[in-house]
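> Pasting structure_17.tsv below, which is TSV, C-alpha atoms and all ligand atoms.
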chain	number	residue	atom	x	y	z
J	11	MET	CA	60.66	91.14	73.23
J	12	ASN	CA	63.16	89.71	75.68
J	13	TYR	CA	66.30	91.78	75.20
J	14	GLU	CA	69.52	89.90	75.86
J	15	PHE	CA	72.72	91.82	76.42
J	16	SER	CA	76.38	90.92	76.05
J	17	ASN	CA	78.40	89.49	78.95
J	18	LYS	CA	80.64	92.54	78.74
J	19	MET	CA	77.82	94.96	79.43
J	20	THR	CA	76.36	92.93	82.30
J	21	HIS	CA	79.44	93.88	84.37
J	22	VAL	CA	78.79	97.57	83.85
J	23	LYS	CA	76.11	98.97	86.07
J	24	ALA	CA	74.34	102.22	85.40
J	25	SER	CA	76.38	104.67	87.40
J	26	ALA	CA	75.77	104.58	91.12
J	27	ILE	CA	75.86	108.35	91.02
J	28	ARG	CA	73.13	108.68	88.44
J	29	GLU	CA	70.65	109.70	91.11
J	30	ILE	CA	72.93	112.54	92.11
J	31	PHE	CA	73.33	113.74	88.56
J	32	LYS	CA	69.58	113.56	88.06
J	33	ALA	CA	69.15	115.79	91.11
J	34	LEU	CA	71.53	118.33	89.59
J	35	THR	CA	68.86	119.48	87.17
J	36	ASN	CA	67.28	121.14	90.20
J	37	PRO	CA	68.68	124.71	90.14
J	38	GLU	CA	68.45	124.94	93.93
J	39	ILE	CA	71.13	122.30	94.34
J	40	ILE	CA	74.68	123.49	94.91
J	41	SER	CA	76.77	121.02	92.98
J	42	PHE	CA	80.26	119.99	93.99
J	43	ALA	CA	79.57	116.74	92.14
J	44	GLY	CA	80.42	117.59	88.54
J	45	GLY	CA	83.76	117.92	86.84
J	46	ASN	CA	83.08	120.56	84.25
J	47	PRO	CA	85.48	123.37	83.46
J	48	ALA	CA	84.44	126.76	84.86
J	49	SER	CA	82.07	128.47	82.44
J	50	THR	CA	84.39	131.51	82.50
J	51	ALA	CA	87.32	129.39	81.29
J	52	PHE	CA	86.26	128.96	77.68
J	53	PRO	CA	87.95	131.07	74.98
J	54	VAL	CA	84.54	131.79	73.47
J	55	ASP	CA	85.42	134.79	71.29
J	56	ALA	CA	88.54	133.16	69.89
J	57	ILE	CA	86.58	129.98	69.06
J	58	LYS	CA	83.84	132.03	67.37
J	59	LYS	CA	86.34	133.96	65.28
J	60	ALA	CA	88.44	130.94	64.27
J	61	SER	CA	85.31	129.02	63.30
J	62	ALA	CA	83.89	131.93	61.24
J	63	ASP	CA	87.25	132.57	59.53
J	64	LEU	CA	87.73	128.91	58.65
J	65	LEU	CA	84.20	128.57	57.28
J	66	GLU	CA	84.74	131.68	55.19
J	67	GLU	CA	88.15	130.59	53.89
J	68	ASN	CA	87.44	126.98	52.98
J	69	PRO	CA	84.14	125.54	54.28
J	70	ILE	CA	84.53	122.20	52.55
J	71	ALA	CA	87.74	121.51	54.47
J	72	LEU	CA	85.65	121.55	57.66
J	73	LEU	CA	82.58	119.77	56.34
J	74	GLN	CA	84.10	116.88	54.37
J	75	TYR	CA	85.13	113.47	55.77
J	76	GLY	CA	88.60	113.48	57.30
J	77	LEU	CA	91.43	111.10	58.14
J	78	THR	CA	91.02	108.61	60.99
J	79	GLU	CA	94.45	109.51	62.44
J	80	GLY	CA	93.33	113.13	62.66
J	81	ASP	CA	93.42	116.28	60.58
J	82	PRO	CA	97.03	116.94	59.49
J	83	ASP	CA	96.80	120.64	60.48
J	84	PHE	CA	95.56	119.66	63.94
J	85	LEU	CA	98.13	116.89	64.39
J	86	LYS	CA	100.98	119.25	63.49
J	87	ALA	CA	99.76	121.99	65.84
J	88	ALA	CA	98.93	119.55	68.66
J	89	ASN	CA	102.25	117.77	68.40
J	90	ALA	CA	104.14	121.06	68.60
J	91	PHE	CA	101.98	122.24	71.51
J	92	PHE	CA	102.25	119.05	73.56
J	93	ASN	CA	105.95	118.73	72.86
J	94	ARG	CA	106.53	122.25	74.09
J	95	HIS	CA	104.59	121.54	77.26
J	96	GLU	CA	105.36	117.91	77.94
J	97	GLN	CA	108.13	116.66	75.57
J	98	VAL	CA	106.03	113.65	74.81
J	99	THR	CA	106.78	112.56	71.26
J	100	PHE	CA	109.67	110.33	70.19
J	101	GLU	CA	110.76	109.02	66.78
J	102	SER	CA	109.14	105.66	67.46
J	103	ASP	CA	105.79	107.25	68.34
J	104	MET	CA	102.62	107.97	66.51
J	105	ILE	CA	99.77	110.31	67.32
J	106	ILE	CA	96.03	109.82	66.81
J	107	THR	CA	93.22	112.32	67.36
J	108	THR	CA	90.27	110.94	69.29
J	109	THR	CA	86.75	111.95	70.24
J	110	GLY	CA	87.71	113.14	73.72
J	111	SER	CA	90.22	111.20	75.78
J	112	GLN	CA	87.34	108.99	76.91
J	113	GLN	CA	87.68	107.33	73.50
J	114	ILE	CA	91.36	106.57	74.16
J	115	MET	CA	90.34	104.43	77.14
J	116	ASP	CA	87.89	102.57	74.93
J	117	LEU	CA	90.20	102.08	71.94
J	118	ALA	CA	93.25	101.17	74.03
J	119	SER	CA	91.43	98.56	76.09
J	120	LYS	CA	89.66	97.24	73.00
J	121	CYS	CA	92.99	96.82	71.19
J	122	LEU	CA	95.04	95.46	74.08
J	123	CYS	CA	92.64	93.28	76.05
J	124	ASN	CA	90.67	90.11	75.56
J	125	GLU	CA	87.65	89.45	77.73
J	126	GLY	CA	88.89	88.60	81.25
J	127	ASP	CA	92.26	90.36	80.85
J	128	VAL	CA	93.45	92.40	83.81
J	129	VAL	CA	94.00	96.16	83.94
J	130	VAL	CA	95.77	97.59	86.99
J	131	VAL	CA	94.23	100.85	88.15
J	132	GLU	CA	94.79	103.33	90.92
J	133	GLU	CA	92.08	102.93	93.53
J	134	PRO	CA	90.13	105.20	93.55
J	135	SER	CA	90.23	106.20	89.89
J	136	PHE	CA	88.23	107.96	87.19
J	137	LEU	CA	84.85	106.28	86.85
J	138	GLY	CA	84.52	106.94	83.10
J	139	SER	CA	87.72	105.03	82.37
J	140	LEU	CA	86.90	102.17	84.74
J	141	ASN	CA	83.55	101.73	82.98
J	142	SER	CA	85.19	101.83	79.58
J	143	PHE	CA	87.65	99.09	80.56
J	144	LYS	CA	84.81	96.98	81.99
J	145	GLU	CA	82.77	97.44	78.82
J	146	ASN	CA	85.64	95.90	76.91
J	147	GLY	CA	85.62	92.87	79.20
J	148	CYS	CA	88.59	93.88	81.37
J	149	VAL	CA	88.89	92.83	84.99
J	150	LEU	CA	90.10	95.66	87.22
J	151	ARG	CA	92.87	95.14	89.80
J	152	GLY	CA	93.04	98.15	92.15
J	153	VAL	CA	96.19	99.52	93.79
J	154	PRO	CA	95.66	101.88	96.74
J	155	PHE	CA	97.43	105.11	97.59
J	156	LYS	CA	99.64	105.49	100.63
J	157	ASP	CA	100.42	108.97	101.94
J	158	GLY	CA	99.31	110.58	98.71
J	159	GLN	CA	101.40	108.33	96.45
J	160	LEU	CA	100.60	105.11	94.66
J	161	ASP	CA	101.58	102.28	97.03
J	162	LEU	CA	104.57	100.81	95.16
J	163	GLU	CA	104.68	97.59	97.16
J	164	LYS	CA	101.05	96.93	96.36
J	165	LEU	CA	101.67	97.90	92.74
J	166	GLU	CA	104.47	95.35	92.46
J	167	GLU	CA	102.23	92.70	94.02
J	168	ALA	CA	99.50	93.55	91.51
J	169	LEU	CA	101.97	93.17	88.65
J	170	GLN	CA	103.17	89.79	89.94
J	171	ILE	CA	99.75	88.18	90.27
J	172	GLU	CA	98.66	85.89	87.43
J	173	PRO	CA	97.16	86.55	84.99
J	174	LYS	CA	99.68	89.23	84.18
J	175	PRO	CA	97.98	92.60	83.61
J	176	LYS	CA	97.74	93.95	80.08
J	177	PHE	CA	98.39	97.52	81.14
J	178	MET	CA	98.19	99.88	84.08
J	179	TYR	CA	96.01	102.96	83.93
J	180	LEU	CA	97.44	105.95	85.80
J	181	ILE	CA	96.49	109.63	86.20
J	182	PRO	CA	99.73	111.13	87.55
J	183	ASN	CA	98.67	114.81	87.64
J	184	PHE	CA	95.93	116.06	90.01
J	185	GLN	CA	94.28	112.69	89.88
J	186	ASN	CA	90.54	112.37	89.45
J	187	PRO	CA	89.09	111.87	92.07
J	188	THR	CA	91.79	112.44	94.71
J	189	GLY	CA	93.71	115.48	93.45
J	190	PHE	CA	96.99	113.62	94.20
J	191	THR	CA	100.07	114.20	92.04
J	192	MET	CA	102.62	111.45	91.57
J	193	SER	CA	106.12	112.51	92.66
J	194	LEU	CA	109.12	112.18	90.34
J	195	GLU	CA	110.50	109.33	92.49
J	196	THR	CA	107.21	107.43	92.24
J	197	ARG	CA	107.08	108.02	88.47
J	198	GLN	CA	110.58	106.63	88.08
J	199	ALA	CA	109.75	103.63	90.28
J	200	VAL	CA	106.52	102.98	88.34
J	201	LEU	CA	108.42	103.05	85.04
J	202	ALA	CA	111.05	100.68	86.45
J	203	LEU	CA	108.29	98.27	87.51
J	204	ALA	CA	106.59	98.56	84.12
J	205	LYS	CA	109.89	97.66	82.47
J	206	LYS	CA	110.66	94.82	84.91
J	207	TYR	CA	107.25	93.20	84.43
J	208	GLN	CA	106.80	94.33	80.80
J	209	VAL	CA	103.42	95.89	81.43
J	210	MET	CA	102.38	98.94	79.41
J	211	ILE	CA	101.18	102.17	81.02
J	212	LEU	CA	98.19	104.18	79.83
J	213	GLU	CA	99.03	107.64	81.20
J	214	ASP	CA	95.92	109.83	81.33
J	215	ASP	CA	96.83	113.50	81.61
J	216	PRO	CA	93.83	115.77	81.07
J	217	TYR	CA	94.79	118.13	83.90
J	218	GLY	CA	98.59	118.44	83.51
J	219	ALA	CA	98.35	121.94	82.03
J	220	LEU	CA	96.18	123.07	84.94
J	221	ARG	CA	98.90	123.32	87.60
J	222	PHE	CA	98.27	126.43	89.66
J	223	SER	CA	100.86	125.92	92.40
J	224	GLY	CA	104.01	123.88	93.05
J	225	GLU	CA	106.48	122.62	90.45
J	226	ASP	CA	105.77	120.69	87.26
J	227	VAL	CA	106.75	117.02	87.35
J	228	PRO	CA	107.80	115.40	84.05
J	229	SER	CA	105.19	113.10	82.52
J	230	LEU	CA	105.78	109.34	82.57
J	231	LYS	CA	105.81	109.55	78.78
J	232	SER	CA	108.66	112.06	78.74
J	233	LEU	CA	110.69	109.80	81.08
J	234	ASP	CA	109.98	106.60	79.15
J	235	ARG	CA	112.83	105.30	76.98
J	236	ASP	CA	111.40	101.83	76.46
J	237	GLY	CA	108.15	102.32	74.56
J	238	LEU	CA	106.12	101.53	77.69
J	239	VAL	CA	103.78	104.51	77.77
J	240	LEU	CA	100.71	105.42	75.77
J	241	TYR	CA	100.00	109.05	76.61
J	242	ALA	CA	96.44	110.44	76.61
J	243	VAL	CA	96.00	114.20	76.54
J	244	SER	CA	92.80	116.14	76.05
J	245	MET	CA	91.71	119.52	74.81
J	246	SER	CA	88.63	119.32	77.05
J	247	LYS	CA	90.00	121.04	80.11
J	248	ILE	CA	92.21	123.62	78.38
J	249	MET	CA	89.88	124.51	75.49
J	250	ALA	CA	86.31	123.13	75.66
J	251	PRO	CA	84.98	119.60	76.31
J	252	GLY	CA	82.09	120.03	73.88
J	253	MET	CA	84.59	120.09	71.04
J	254	ARG	CA	85.48	116.46	71.89
J	255	VAL	CA	89.11	116.51	70.80
J	256	ALA	CA	91.99	114.63	72.42
J	257	CYS	CA	95.18	112.86	71.35
J	258	ALA	CA	96.90	109.61	72.13
J	259	ILE	CA	100.65	109.53	71.61
J	260	GLY	CA	102.62	106.33	71.88
J	261	PRO	CA	104.26	103.31	70.29
J	262	LYS	CA	103.44	103.15	66.56
J	263	GLU	CA	102.23	99.54	66.70
J	264	VAL	CA	99.70	100.32	69.42
J	265	VAL	CA	98.44	103.57	67.91
J	266	GLN	CA	98.13	102.01	64.46
J	267	LYS	CA	95.90	99.35	65.94
J	268	MET	CA	93.82	102.08	67.59
J	269	VAL	CA	93.44	103.76	64.20
J	270	VAL	CA	91.87	100.55	62.85
J	271	ALA	CA	89.57	100.30	65.90
J	272	LYS	CA	88.55	103.95	65.53
J	273	GLN	CA	87.50	103.34	61.93
J	274	GLY	CA	84.93	100.93	63.31
J	275	ALA	CA	83.88	103.29	66.07
J	276	ASP	CA	83.36	106.70	64.50
J	277	VAL	CA	85.61	106.94	61.40
J	278	HIS	CA	87.24	110.15	62.60
J	279	THR	CA	87.02	112.92	65.17
J	280	ASN	CA	84.94	115.99	64.34
J	281	LEU	CA	86.92	117.82	61.69
J	282	TRP	CA	85.42	121.22	62.39
J	283	SER	CA	86.57	121.11	66.03
J	284	GLN	CA	90.03	119.89	65.05
J	285	LYS	CA	90.49	122.71	62.52
J	286	VAL	CA	89.29	125.34	64.99
J	287	ILE	CA	91.62	124.05	67.70
J	288	ALA	CA	94.53	123.88	65.25
J	289	ARG	CA	93.92	127.54	64.36
J	290	LEU	CA	93.83	128.50	68.04
J	291	LEU	CA	96.99	126.56	68.87
J	292	GLU	CA	98.78	128.42	66.08
J	293	THR	CA	97.41	131.93	66.40
J	294	TYR	CA	95.91	132.37	69.87
J	295	ASP	CA	98.10	133.23	72.84
J	296	MET	CA	97.75	129.85	74.56
J	297	ASP	CA	100.20	130.79	77.32
J	298	ALA	CA	98.09	133.79	78.28
J	299	HIS	CA	94.93	131.66	78.07
J	300	LEU	CA	96.40	128.97	80.33
J	301	THR	CA	97.62	131.60	82.80
J	302	ARG	CA	94.11	133.04	82.90
J	303	ILE	CA	92.31	129.75	83.49
J	304	LYS	CA	94.85	128.55	86.05
J	305	LYS	CA	94.16	131.74	88.00
J	306	ILE	CA	90.42	130.94	87.96
J	307	TYR	CA	91.03	127.42	89.31
J	308	LYS	CA	93.59	128.55	91.87
J	309	GLU	CA	91.20	131.11	93.30
J	310	LYS	CA	88.31	128.64	93.45
J	311	CYS	CA	90.41	125.88	94.99
J	312	GLU	CA	91.90	128.23	97.58
J	313	LEU	CA	88.45	129.55	98.45
J	314	MET	CA	87.02	126.05	98.87
J	315	LEU	CA	89.96	124.91	101.02
J	316	ALA	CA	89.85	128.05	103.17
J	317	GLU	CA	86.12	127.54	103.78
J	318	MET	CA	86.67	123.85	104.55
J	319	ASP	CA	89.47	124.74	106.99
J	320	LYS	CA	87.06	127.10	108.69
J	321	GLU	CA	83.85	125.03	108.65
J	322	PHE	CA	84.81	121.34	108.78
J	323	ALA	CA	85.12	119.53	112.11
J	324	ASP	CA	88.49	118.32	113.38
J	325	GLY	CA	89.21	114.77	112.25
J	326	ILE	CA	87.97	115.35	108.71
J	327	THR	CA	90.94	115.25	106.36
J	328	TYR	CA	91.18	116.30	102.73
J	329	THR	CA	93.70	116.70	99.93
J	330	ARG	CA	95.19	120.07	98.94
J	331	PRO	CA	95.64	119.74	95.17
J	332	GLU	CA	98.16	121.83	93.25
J	333	GLY	CA	96.05	121.77	90.11
J	334	GLY	CA	93.14	120.05	88.40
J	335	MET	CA	89.58	120.24	89.68
J	336	PHE	CA	89.03	117.93	92.66
J	337	ILE	CA	89.41	117.63	96.42
J	338	TRP	CA	89.07	114.24	98.17
J	339	VAL	CA	87.59	114.24	101.65
J	340	ASP	CA	88.04	111.45	104.21
J	341	LEU	CA	85.42	111.14	106.92
J	342	PRO	CA	86.28	109.30	110.15
J	343	LYS	CA	86.17	105.49	109.81
J	344	GLU	CA	83.04	105.18	111.94
J	345	ALA	CA	81.08	107.64	109.74
J	346	ASP	CA	78.51	106.37	107.25
J	347	MET	CA	79.64	108.10	104.07
J	348	ASN	CA	76.62	107.10	101.98
J	349	ALA	CA	74.25	108.47	104.62
J	350	PHE	CA	76.33	111.66	104.75
J	351	VAL	CA	76.14	112.14	100.97
J	352	LYS	CA	72.40	111.42	100.97
J	353	GLU	CA	71.75	113.90	103.76
J	354	ALA	CA	73.90	116.51	101.97
J	355	LEU	CA	71.72	116.10	98.89
J	356	GLU	CA	68.60	116.54	101.02
J	357	LYS	CA	70.20	119.79	102.23
J	358	LYS	CA	70.76	120.67	98.57
J	359	VAL	CA	74.52	120.10	98.32
J	360	ALA	CA	75.76	117.42	95.94
J	361	VAL	CA	79.08	115.60	96.31
J	362	VAL	CA	80.11	112.25	94.81
J	363	PRO	CA	80.38	109.22	97.14
J	364	GLY	CA	83.90	107.82	97.01
J	365	ASN	CA	82.83	104.22	96.36
J	366	ALA	CA	81.75	105.30	92.85
J	367	PHE	CA	85.48	105.48	92.01
J	368	LEU	CA	86.40	102.03	93.31
J	369	THR	CA	86.87	98.86	91.28
J	370	ASP	CA	83.89	97.48	93.19
J	371	ASP	CA	81.44	100.05	94.50
J	372	THR	CA	80.25	97.73	97.27
J	373	LYS	CA	83.66	98.04	99.00
J	374	GLU	CA	83.80	99.98	102.25
J	375	CYS	CA	84.57	103.65	101.69
J	376	HIS	CA	84.58	106.73	103.93
J	377	SER	CA	85.48	109.35	101.35
J	378	PHE	CA	83.76	111.65	98.90
J	379	ARG	CA	84.84	113.89	96.02
J	380	MET	CA	84.32	117.63	95.78
J	381	ASN	CA	84.72	119.66	92.60
J	382	PHE	CA	85.82	123.28	92.83
J	383	SER	CA	86.00	124.29	89.15
J	384	THR	CA	82.28	124.48	88.41
J	385	PRO	CA	80.51	126.18	91.37
J	386	ALA	CA	80.38	129.96	91.71
J	387	PRO	CA	82.30	131.47	94.68
J	388	GLU	CA	79.13	132.30	96.62
J	389	ASP	CA	77.93	128.70	96.19
J	390	ILE	CA	81.29	127.38	97.37
J	391	ILE	CA	80.90	129.40	100.57
J	392	LYS	CA	77.26	128.39	101.10
J	393	GLY	CA	77.72	124.71	100.22
J	394	VAL	CA	80.84	124.20	102.33
J	395	LYS	CA	79.06	125.77	105.32
J	396	ILE	CA	76.24	123.21	105.00
J	397	LEU	CA	78.70	120.30	104.70
J	398	GLY	CA	80.71	121.75	107.59
J	399	GLU	CA	77.67	121.79	109.86
J	400	MET	CA	77.04	118.17	108.97
J	401	THR	CA	80.62	117.17	109.84
J	402	HIS	CA	80.03	118.46	113.38
J	403	GLN	CA	77.07	116.05	113.74
J	404	LEU	CA	79.09	112.92	112.84
K	501	LIG	C1	90.94	111.60	84.44
K	501	LIG	C2	90.06	111.84	83.27
K	501	LIG	N1	90.33	111.23	82.12
K	501	LIG	C3	89.57	111.42	81.02
K	501	LIG	C4	88.48	112.26	81.05
K	501	LIG	C5	87.65	112.38	79.81
K	501	LIG	O1	87.77	113.64	79.27
K	501	LIG	P1	87.46	113.95	77.74
K	501	LIG	O2	86.85	112.73	77.11
K	501	LIG	O3	86.56	115.10	77.73
K	501	LIG	O4	88.79	114.25	77.10
K	501	LIG	C6	88.15	112.92	82.23
K	501	LIG	C7	86.98	113.80	82.29
K	501	LIG	O5	86.60	114.36	83.27
K	501	LIG	C8	88.96	112.70	83.37
K	501	LIG	O6	88.71	113.29	84.54
Output the file's structure as C-alpha cells, nothing else.
Ligand SMILES: Cc1ncc(COP(=O)(O)O)c(C=O)c1O

Amino acid sequence: MNYEFSNKMTHVKASAIREIFKALTNPEIISFAGGNPASTAFPVDAIKKASADLLEENPIALLQYGLTEGDPDFLKAANAFFNRHEQVTFESDMIITTTGSQQIMDLASKCLCNEGDVVVVEEPSFLGSLNSFKENGCVLRGVPFKDGQLDLEKLEEALQIEPKPKFMYLIPNFQNPTGFTMSLETRQAVLALAKKYQVMILEDDPYGALRFSGEDVPSLKSLDRDGLVLYAVSMSKIMAPGMRVACAIGPKEVVQKMVVAKQGADVHTNLWSQKVIARLLETYDMDAHLTRIKKIYKEKCELMLAEMDKEFADGITYTRPEGGMFIWVDLPKEADMNAFVKEALEKKVAVVPGNAFLTDDTKECHSFRMNFSTPAPEDIIKGVKILGEMTHQL
C-alpha cells in the first residue's frame, strides 16, 4: 500500500529531538531535556482521597459522558481559582475545559486559521504549539527577543506584513524555552499593537502560578479591554499533567467555536480528572500546595544556576528565570551547538538543541534549553559539571 498523507502533515516533521528523547530511556543519562514537573510536586495523597471519596459518593457522575464545555463543578471551581490568581474572566467571556492546554493550541488554530494563514510566534517558542499550528496548516512568522523582551519593532513589522496574521501566540510568563518573562510595559505595548492591527492574542500561561522570585506581572488577559485575548491555562504544572485538564478563557464567539471543534476531537475532557481537580480546588489548601511546589522549583533553579556560575566558561550566557522550569543557554557564535549537544549526550547529559524551538529548525542557532524541574539535585550537580567541562573546550 502506498500511503499518502495530507499536505498539512507533510510540513510537520517528526521532532528533531526525538533521538534525544529516545536516549532518555537509558537510566544512565542525566536529563536536562524534559519539561516534566518534579515528581515530588504532585499532591498524590489529596488526589487519591478526592478520587476515592468521589467514587464512593456518586461513581456514575465520574463515569458517564459529560459536557463538551466542561464539567459544571470544575468550571465553577476553576473560574473562581483563576480569577483569584489572574483576574481573567470578563462578562463577555466564556470558558471551556480542554484535554491539556496542548488541545487549546489545536482547537484555536483549527477554528481561526485556513491553510496558509499566518500565526505570529515568539522565536524561539514551545515546540508542541508550533507543531500544532503547523498541523492545522498555519504558516509561522517568528519574532525574536531583544534583551529578554519580545522585540516590539520586529513584532510591529510582522503584524504589518501581508497576509495579515490570524493571531499571535505568546507565553508571557517564564517562557518555554527561554525562561523570559514579559514586562508590564511590553505587555501593554503588545496589547496596543494587537488592537491597532486587530490581531488576536493566544496567551499561553501554564507556568504563571510557578513564580518563585520577583513580582507578579498582570496577564495580558487581565489587561485586555477589547476582547483581543484568548487565555490558555493548565492544571498540568500545578496539579498533574497526566490528568490532562486545562482551560481556555476568552471571547464567547471564539470559545463557542472551539466547543464545536472539540466535539469532533474528543467530545469532552476526562470527567474523572475534572471532578477530582474541582474537589481539590474547593477543599485542598491550594495556596499551601503552590507555596510548597514553588519552593521545590526555586531550590532546583538556584542550585542549577549556582553550579553553572561555578562550572561554565566565561562567554557562555544564560537566562536567570524567576519561575517556570527552563534556562536558556547561549554558546559563543563560533560554537557548533549541534555538535555540543551531541557530545553532551555521548557524555550522558541530555539538553535540547535550541533550533528545535525555531519556526524553521534549519536556521542557525547557538543556544540550548536546560530543564531544572525534573532532575534530582545530585544529577544537577553532576550534569552541570560535565557540561561545564565541555564549555571550556569550545
Ligand atoms: C508553554 C507550554 N504550553 C503548553 C504546554 C502543554 O501543557 P499541557 O497540555 O500539559 O497543559 C506546555 C507543556 O510543557 C508548555 O510548556
> With ligand LIG 501 (chain K) as the partner and 8 Å as the cut-off, tabulate the residues of chain J that qualify, each row holding the nearest pair of atoms and their distance in Å to one decimal, using all atoms listed in the file, sorted by chain and rising number, as CSV.

residue,atom,partner,partner_atom,distance
J:Gly45,CA,K:LIG501,O5,5.8
J:Asn46,CA,K:LIG501,O5,7.2
J:Thr109,CA,K:LIG501,O2,6.9
J:Gly110,CA,K:LIG501,O2,3.5
J:Ser111,CA,K:LIG501,O4,3.6
J:Gln112,CA,K:LIG501,O2,3.8
J:Gln113,CA,K:LIG501,O2,6.5
J:Ser135,CA,K:LIG501,C1,7.7
J:Phe136,CA,K:LIG501,C1,5.3
J:Gly138,CA,K:LIG501,C4,6.9
J:Ser139,CA,K:LIG501,N1,6.7
J:Ile181,CA,K:LIG501,C1,6.1
J:Gln185,CA,K:LIG501,C1,6.5
J:Asn186,CA,K:LIG501,C1,5.1
J:Pro187,CA,K:LIG501,O6,7.7
J:Asp214,CA,K:LIG501,N1,5.8
J:Asp215,CA,K:LIG501,C1,6.8
J:Pro216,CA,K:LIG501,N1,5.8
J:Tyr217,CA,K:LIG501,C1,7.6
J:Val243,CA,K:LIG501,O4,7.2
J:Ser244,CA,K:LIG501,O4,4.6
J:Met245,CA,K:LIG501,O4,6.4
J:Ser246,CA,K:LIG501,O3,4.7
J:Lys247,CA,K:LIG501,O3,7.3
J:Pro251,CA,K:LIG501,O3,5.0
J:Gly252,CA,K:LIG501,O3,7.7
J:Arg254,CA,K:LIG501,O3,6.1
J:Val255,CA,K:LIG501,O4,6.7
J:Ala256,CA,K:LIG501,O4,5.7
> Please indicate the distance in Å from atom CA of Arg289 of chain J to atom CA of Glu79 of chain J, rounded to one decimal place.
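Atom-to-atom, atom CA of Arg289 of chain J and atom CA of Glu79 of chain J are spaced 18.1 Å apart.
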> What does the structure give for the distance between atom CA of Val359 of chain J and atom CA of Val54 of chain J, in Å to one decimal?
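Distance between the two atoms: 29.2 Å.
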> For each of J:Thr384, J:Glu374, J:Gly333, J:Lys285, take the minimum atom-to-atom distance to Asn68 of chain J, counting all atoms listed in the file, then give the residue where this is smallest.
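Once distances to Asn68 of chain J are computed over all atoms listed in the file, the minimum belongs to J:Lys285.
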> Which residue gives the smallest distance to Phe91 of chain J among J:Cys375, J:Val394, J:Leu291, J:Val351, with only C-alpha atoms counted?
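Once distances to Phe91 of chain J are computed over only C-alpha atoms, the minimum belongs to J:Leu291.
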> Find the residue from J:Tyr241, J:Tyr179, J:Phe143, J:Phe42 that sits nearest to Val131 of chain J; use all atoms listed in the file when measuring.
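Among the listed residues, the smallest separation from Val131 of chain J belongs to J:Tyr179.
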> Between J:Ala168, J:Val153, J:Glu353, J:Gln198, which is the closest to Leu180 of chain J once you count all atoms listed in the file?
J:Val153
> Closest to Ala88 of chain J among J:Leu201, J:Ile306, J:Cys257, J:Leu341, using all atoms listed in the file?
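That would be J:Cys257, the residue with the smallest distance to Ala88 of chain J.
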> Find, counting all atoms listed in the file, the residue in J:Val129, J:Ala202, J:Met296, J:Val362 that gets nearest to Glu172 of chain J.
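Between J:Val129, J:Ala202, J:Met296, J:Val362, the residue approaching Glu172 of chain J most closely is J:Val129.
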> In Å, how far is it from atom CA of Asp371 of chain J to atom CA of Leu240 of chain J?
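Computing it gives 27.4 Å between the two atoms.
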